[in-house]
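J.: What follows is work-v5.pdb, PDB, C-alpha atoms and all ligand atoms.
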```pdb
ATOM      1  CA  MET A  34     -54.375  28.960  48.123
ATOM      2  CA  ALA A  35     -52.269  29.190  51.268
ATOM      3  CA  LYS A  36     -51.571  26.061  53.270
ATOM      4  CA  CYS A  37     -51.114  25.906  57.027
ATOM      5  CA  ALA A  38     -47.430  25.364  57.849
ATOM      6  CA  ASN A  39     -48.425  23.309  60.874
ATOM      7  CA  CYS A  40     -51.270  20.986  59.847
ATOM      8  CA  SER A  41     -51.122  21.408  56.019
ATOM      9  CA  SER A  42     -54.835  22.163  55.722
ATOM     10  CA  LYS A  43     -56.013  24.804  53.259
ATOM     11  CA  ILE A  44     -56.710  28.239  54.664
ATOM     12  CA  TRP A  45     -60.045  29.589  53.449
ATOM     13  CA  LEU A  46     -60.510  32.706  55.472
ATOM     14  CA  GLY A  47     -58.395  34.773  57.793
ATOM     15  CA  GLY A  48     -55.720  32.660  59.382
ATOM     16  CA  ALA A  49     -52.543  33.771  61.053
ATOM     17  CA  LYS A  50     -49.211  34.776  59.592
ATOM     18  CA  TRP A  51     -45.749  34.579  61.044
ATOM     19  CA  ALA A  52     -42.536  35.244  59.094
ATOM     20  CA  SER A  53     -43.257  33.876  55.582
ATOM     21  CA  LEU A  54     -45.497  31.105  56.938
ATOM     22  CA  ASP A  55     -49.291  30.847  56.963
ATOM     23  CA  PHE A  56     -51.424  29.142  59.596
ATOM     24  CA  CYS A  57     -55.130  28.319  60.034
ATOM     25  CA  ASP A  58     -55.155  30.118  63.360
ATOM     26  CA  GLU A  59     -53.040  31.201  66.296
ATOM     27  CA  ALA A  60     -53.232  27.739  67.875
ATOM     28  CA  CYS A  61     -51.532  26.155  64.829
ATOM     29  CA  GLU A  62     -48.970  28.965  64.772
ATOM     30  CA  GLN A  63     -48.172  28.365  68.432
ATOM     31  CA  LYS A  64     -47.929  24.574  68.000
ATOM     32  CA  LEU A  65     -45.406  24.915  65.196
ATOM     33  CA  LYS A  66     -43.342  27.451  67.142
ATOM     34  CA  ALA A  67     -43.321  25.223  70.229
ATOM     35  CA  TYR A  68     -42.301  22.220  68.119
ATOM     36  CA  PHE A  69     -39.294  23.968  66.594
ATOM     37  CA  VAL A  70     -38.284  25.903  69.699
ATOM     38  CA  LEU A  71     -38.068  22.520  71.456
ATOM     39  CA  GLN A  72     -35.778  21.275  68.673
ATOM     40  CA  ILE A  73     -33.442  24.184  69.369
ATOM     41  CA  PHE A  74     -33.722  24.301  73.168
ATOM     42  CA  PRO A  75     -34.131  21.067  75.110
ATOM     43  CA  LEU A  76     -37.091  21.060  77.500
ATOM     44  CA  PRO A  77     -35.084  21.448  80.758
ATOM     45  CA  GLU A  78     -33.297  24.481  79.298
ATOM     46  CA  LEU A  79     -36.590  25.987  78.155
ATOM     47  CA  GLN A  80     -38.199  25.398  81.543
ATOM     48  CA  GLN A  81     -35.256  27.070  83.236
ATOM     49  CA  MET A  82     -35.584  30.124  80.972
ATOM     50  CA  ILE A  83     -39.295  30.394  81.773
ATOM     51  CA  GLU A  84     -38.501  30.022  85.476
ATOM     52  CA  GLU A  85     -35.858  32.773  85.257
ATOM     53  CA  VAL A  86     -38.263  35.215  83.591
ATOM     54  CA  HIS A  87     -40.977  34.316  86.088
ATOM     55  CA  SER A  88     -38.795  34.871  89.150
ATOM     56  CA  GLY A  89     -36.840  37.756  87.616
ATOM     57  CA  GLN A  90     -37.134  41.527  87.666
ATOM     58  CA  CYS A  91     -40.319  43.235  86.440
ATOM     59  CA  PRO A  92     -39.593  44.740  82.970
ATOM     60  CA  VAL A  93     -41.995  47.616  83.707
ATOM     61  CA  CYS A  94     -41.157  48.864  87.215
ATOM     62  CA  LYS A  95     -37.828  47.008  87.734
ATOM     63  CA  GLY A  96     -39.235  45.703  91.003
ATOM     64  CA  LEU A  97     -39.184  42.143  92.315
ATOM     65  CA  GLY A  98     -41.159  39.365  90.588
ATOM     66  CA  PRO A  99     -42.907  37.050  90.121
ATOM     67  CA  VAL A 100     -43.375  38.258  86.552
ATOM     68  CA  ASP A 101     -46.205  37.003  84.367
ATOM     69  CA  VAL A 102     -48.386  38.048  81.438
ATOM     70  CA  CYS A 103     -51.117  40.505  82.369
ATOM     71  CA  CYS A 104     -54.214  40.719  80.142
ATOM     72  CA  SER A 105     -56.498  43.695  80.361
ATOM     73  CA  TYR A 106     -59.353  44.729  78.089
ATOM     74  CA  LYS A 107     -60.481  48.210  77.133
ATOM     75  CA  VAL A 108     -64.006  48.619  75.822
ATOM     76  CA  SER A 109     -64.830  51.942  74.129
ATOM     77  CA  GLY A 110     -68.328  52.627  72.910
ATOM     78  CA  LEU A 111     -68.770  55.411  70.351
ATOM     79  CA  ILE A 112     -72.573  55.614  70.057
ATOM     80  CA  VAL A 113     -72.738  53.441  66.905
ATOM     81  CA  ALA A 114     -69.510  51.514  67.037
ATOM     82  CA  MET A 115     -67.419  49.924  69.705
ATOM     83  CA  THR A 116     -63.799  48.984  70.000
ATOM     84  CA  LEU A 117     -62.280  46.355  72.203
ATOM     85  CA  SER A 118     -58.563  46.461  72.693
ATOM     86  CA  THR A 119     -56.623  43.747  74.454
ATOM     87  CA  GLU A 120     -53.335  44.569  76.080
ATOM     88  CA  ARG A 121     -50.837  41.881  76.985
ATOM     89  CA  VAL A 122     -47.883  42.990  79.020
ATOM     90  CA  MET A 123     -45.219  41.068  80.873
ATOM     91  CA  CYS A 124     -44.977  42.515  84.356
ATOM     92  CA  CYS A 125     -45.181  41.848  88.090
ATOM     93  CA  GLN A 126     -48.379  41.524  90.106
ATOM     94  CA  ARG A 127     -48.267  45.142  91.328
ATOM     95  CA  CYS A 128     -48.043  46.474  87.759
ATOM     96  CA  ALA A 129     -50.725  43.982  86.632
ATOM     97  CA  ARG A 130     -53.088  45.276  89.291
ATOM     98  CA  ARG A 131     -52.412  48.886  88.289
ATOM     99  CA  ARG A 132     -52.988  48.111  84.562
ATOM    100  CA  LYS A 133     -56.235  46.261  85.230
ATOM    101  CA  LEU A 134     -57.479  49.025  87.446
ATOM    102  CA  LYS A 135     -56.746  51.597  84.716
ATOM    103  CA  ALA A 136     -58.473  49.435  82.074
ATOM    104  CA  GLY A 137     -61.424  48.925  84.423
ATOM    105  CA  ILE A 138     -61.777  52.662  84.910
ATOM    106  CA  HIS A 139     -61.542  53.136  81.129
ATOM    107  CA  CYS A 140     -64.417  50.661  80.681
ATOM    108  CA  LEU A 141     -66.475  52.392  83.336
ATOM    109  CA  VAL A 142     -65.959  55.821  81.770
ATOM    110  CA  PHE A 143     -65.899  55.073  78.019
ATOM    111  CA  GLY A 144     -67.564  51.702  77.758
ATOM    112  CA  TRP A 145     -71.243  52.651  77.831
ATOM    113  CA  TRP A 146     -71.831  54.761  74.762
ATOM    114  CA  SER A 147     -73.160  52.175  72.328
ATOM    115  CA  PRO A 148     -75.524  49.234  72.823
ATOM    116  CA  LYS A 149     -72.877  46.731  71.716
ATOM    117  CA  ALA A 150     -70.240  48.197  73.993
ATOM    118  CA  LEU A 151     -72.690  48.050  76.847
ATOM    119  CA  GLY A 152     -73.131  44.326  76.233
ATOM    120  CA  SER A 153     -69.372  43.742  76.254
ATOM    121  CA  ASN A 154     -68.741  46.000  79.148
ATOM    122  CA  VAL A 155     -71.006  44.001  81.389
ATOM    123  CA  PHE A 156     -68.340  41.340  81.096
ATOM    124  CA  TYR A 157     -65.030  43.207  80.708
ATOM    125  CA  ALA A 158     -65.426  45.945  83.298
ATOM    126  CA  PRO A 159     -65.831  43.445  86.162
ATOM    127  CA  TYR A 160     -63.064  41.247  84.688
ATOM    128  CA  ASN A 161     -60.586  44.116  84.933
ATOM    129  CA  LEU A 162     -61.766  45.401  88.276
ATOM    130  CA  PHE A 163     -61.951  42.009  89.982
ATOM    131  CA  GLY A 164     -58.611  41.143  88.416
ATOM    132  CA  ALA A 165     -57.186  44.319  89.909
ATOM    133  CA  ALA A 166     -58.602  43.571  93.333
ATOM    134  CA  PHE A 167     -57.775  39.879  93.527
ATOM    135  CA  ALA A 168     -54.622  39.429  91.462
ATOM    136  CA  ARG A 169     -52.279  37.388  93.621
ATOM    137  CA  SER A 170     -48.686  36.321  93.221
ATOM    138  CA  ALA A 171     -48.777  33.140  91.193
ATOM    139  CA  SER A 172     -46.118  30.716  92.349
ATOM    140  CA  ARG A 173     -46.016  28.963  88.957
ATOM    141  CA  PRO A 174     -45.533  30.560  85.511
ATOM    142  CA  SER A 175     -48.859  30.687  83.651
ATOM    143  CA  ARG A 176     -49.550  29.189  80.233
ATOM    144  CA  ASP A 177     -49.667  32.721  78.843
ATOM    145  CA  LEU A 178     -46.108  33.325  80.029
ATOM    146  CA  GLU A 179     -44.872  30.054  78.516
ATOM    147  CA  THR A 180     -46.567  30.970  75.232
ATOM    148  CA  ALA A 181     -45.038  34.461  75.266
ATOM    149  CA  ILE A 182     -41.532  33.100  75.844
ATOM    150  CA  VAL A 183     -41.878  30.398  73.169
ATOM    151  CA  SER A 184     -43.063  33.092  70.709
ATOM    152  CA  TRP A 185     -40.154  35.300  71.630
ATOM    153  CA  LEU A 186     -37.623  32.488  71.146
ATOM    154  CA  ALA A 187     -39.268  31.615  67.828
ATOM    155  CA  ASP A 188     -38.879  35.257  66.731
ATOM    156  CA  GLN A 189     -35.184  35.140  67.652
ATOM    157  CA  ASN A 190     -34.729  31.999  65.512
ATOM    158  CA  MET A 191     -37.092  32.946  62.693
ATOM    159  CA  ALA A 192     -34.747  32.176  59.788
ATOM    160  CA  ALA A 193     -33.692  28.799  61.203
ATOM    161  CA  ILE A 194     -37.318  27.782  61.785
ATOM    162  CA  GLN A 195     -38.417  28.851  58.302
ATOM    163  CA  ASN A 196     -35.645  26.742  56.777
ATOM    164  CA  ALA A 197     -36.488  23.806  59.028
ATOM    165  CA  VAL A 198     -40.149  23.983  57.952
ATOM    166  CA  LYS A 199     -39.109  23.819  54.297
ATOM    167  CA  GLU A 200     -36.852  20.831  55.028
ATOM    168  CA  GLU A 201     -39.572  18.996  56.970
ATOM    169  CA  TRP A 202     -42.042  19.557  54.157
ATOM    170  CA  LYS A 203     -39.663  17.934  51.685
ATOM    171  CA  LYS A 204     -39.351  14.851  53.878
ATOM    172  CA  VAL A 205     -43.036  14.379  54.728
ATOM    173  CA  PRO A 206     -45.341  16.041  52.208
ATOM    174  CA  ASN A 207     -48.552  15.545  54.201
ATOM    175  CA  LYS A 208     -47.388  15.621  57.736
ATOM    176  CA  THR A 209     -49.692  16.437  60.596
ATOM    177  CA  MET A 210     -48.547  17.374  64.056
TER
HETATM  178 ZN    ZN B 301     -53.369  24.482  60.858
HETATM  179 ZN    ZN B 302     -43.829  45.813  88.010
END
```
Output the file's structure as structure tokens, nothing else.

T.:
Amino acid sequence: MAKCANCSSKIWLGGAKWASLDFCDEACEQKLKAYFVLQIFPLPELQQMIEEVHSGQCPVCKGLGPVDVCCSYKVSGLIVAMTLSTERVMCCQRCARRRKLKAGIHCLVFGWWSPKALGSNVFYAPYNLFGAAFARSASRPSRDLETAIVSWLADQNMAAIQNAVKEEWKKVPNKTM
């Protein structure tokens, strides 16, 4: 049975996977990545990188920042089934507003055709549309942005982190973080 690379507990169902490592869930995956990314990049350096992405150019429209992670949800009801897709994109506030507006319109048009979708749509359609209307420039990077950058840095250093996990396991067989 697979063991969580972060907290060493046994994984019964589901779980998350990154590189060759298994985790109970995304929270454990993120904790381990943050732990090792901080071993590679000292905190001030990491904070500066996050700050640079936040105040940098929008990767989508190449316009001025601030840049952050935009979440929008698309509900599609297909009479008997429904799908909910989440989109996370790093972009500026103008692009975020445009994306949320599009997702909101999608929900309004496609989100009503099954009872379950209708239930979800009551929540997600307003989330997107209000998000589109009221999204403001955040002066501080959000948690979502920090998480996205830590994940990205972990991806860049995947081999080093995998080796480090193996080494740590040898030293402390039942470690918890
Ligand atoms: Zn775990
Ligand atoms: Zn943009």

J.: Starting from the shown file, work through the PyMOL selection byres (((chain A and resi 115-129) around 7) and not hetatm) and note down what comes out as a ChimeraX atom specification.

T.: /A:91-93,98-111,113-114,130-133,147,149-150,168-170

J.: Could you list the residues chosen by the PyMOL selection byres (((not hetatm)) within 8 of (chain B and resi 301)) in this structure as a list of chain:residue names?

T.: A:Lys36, A:Cys37, A:Ala38, A:Asn39, A:Cys40, A:Ser41, A:Ser42, A:Ile44, A:Phe56, A:Cys57, A:Asp58, A:Ala60, A:Cys61, A:Glu62

J.: Carefully work through the PyMOL selection byres (((chain A and resi 180) around 12) and not hetatm) for this structure and note down the residues it includes, as a PyMOL selection string.

T.: chain A and resi 59-60+62-67+70+79-80+83+101-102+121+123+174-179+181-187

J.: By how many Å are atom CA of A:Leu71 and atom CA of A:Arg173 apart?

T.: 20.3 Å

J.: Measuring atom to atom with all atoms listed in the file, identify which of A:Asn190, A:Gln90, A:Leu151, A:His139 is nearest to ligand ZN 302 (chain B).

T.: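 Residue with the minimum atom-to-atom distance to ligand ZN 302 (chain B): A:Gln90.
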
J.: Which of these, A:Val86, A:Leu76, A:Ala35, A:Leu97, has the shortest distance to ligand ZN 302 (chain B) once you count all atoms listed in the file?

T.: A:Leu97

J.: When distances are computed from only C-alpha atoms and all ligand atoms, which of A:Gly96, A:Gly89, A:Gly48, A:Pro75 shows the smallest separation from ligand ZN 302 (chain B)?

T.: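 Of A:Gly96, A:Gly89, A:Gly48, A:Pro75, the one nearest ligand ZN 302 (chain B), counting only C-alpha atoms and all ligand atoms, is A:Gly96.
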
J.: So what do you get for atom CA of A:Cys94 versus atom CA of A:Ile138, distance-wise?

T.: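 Between atom CA of A:Cys94 and atom CA of A:Ile138 the gap is 21.1 Å.
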
J.: My list of candidates is A:Gly152, A:Lys95, A:Gly144, A:Asn161. Which is closest to ligand ZN 302 (chain B) when distances are computed with all atoms listed in the file?

T.: A:Lys95
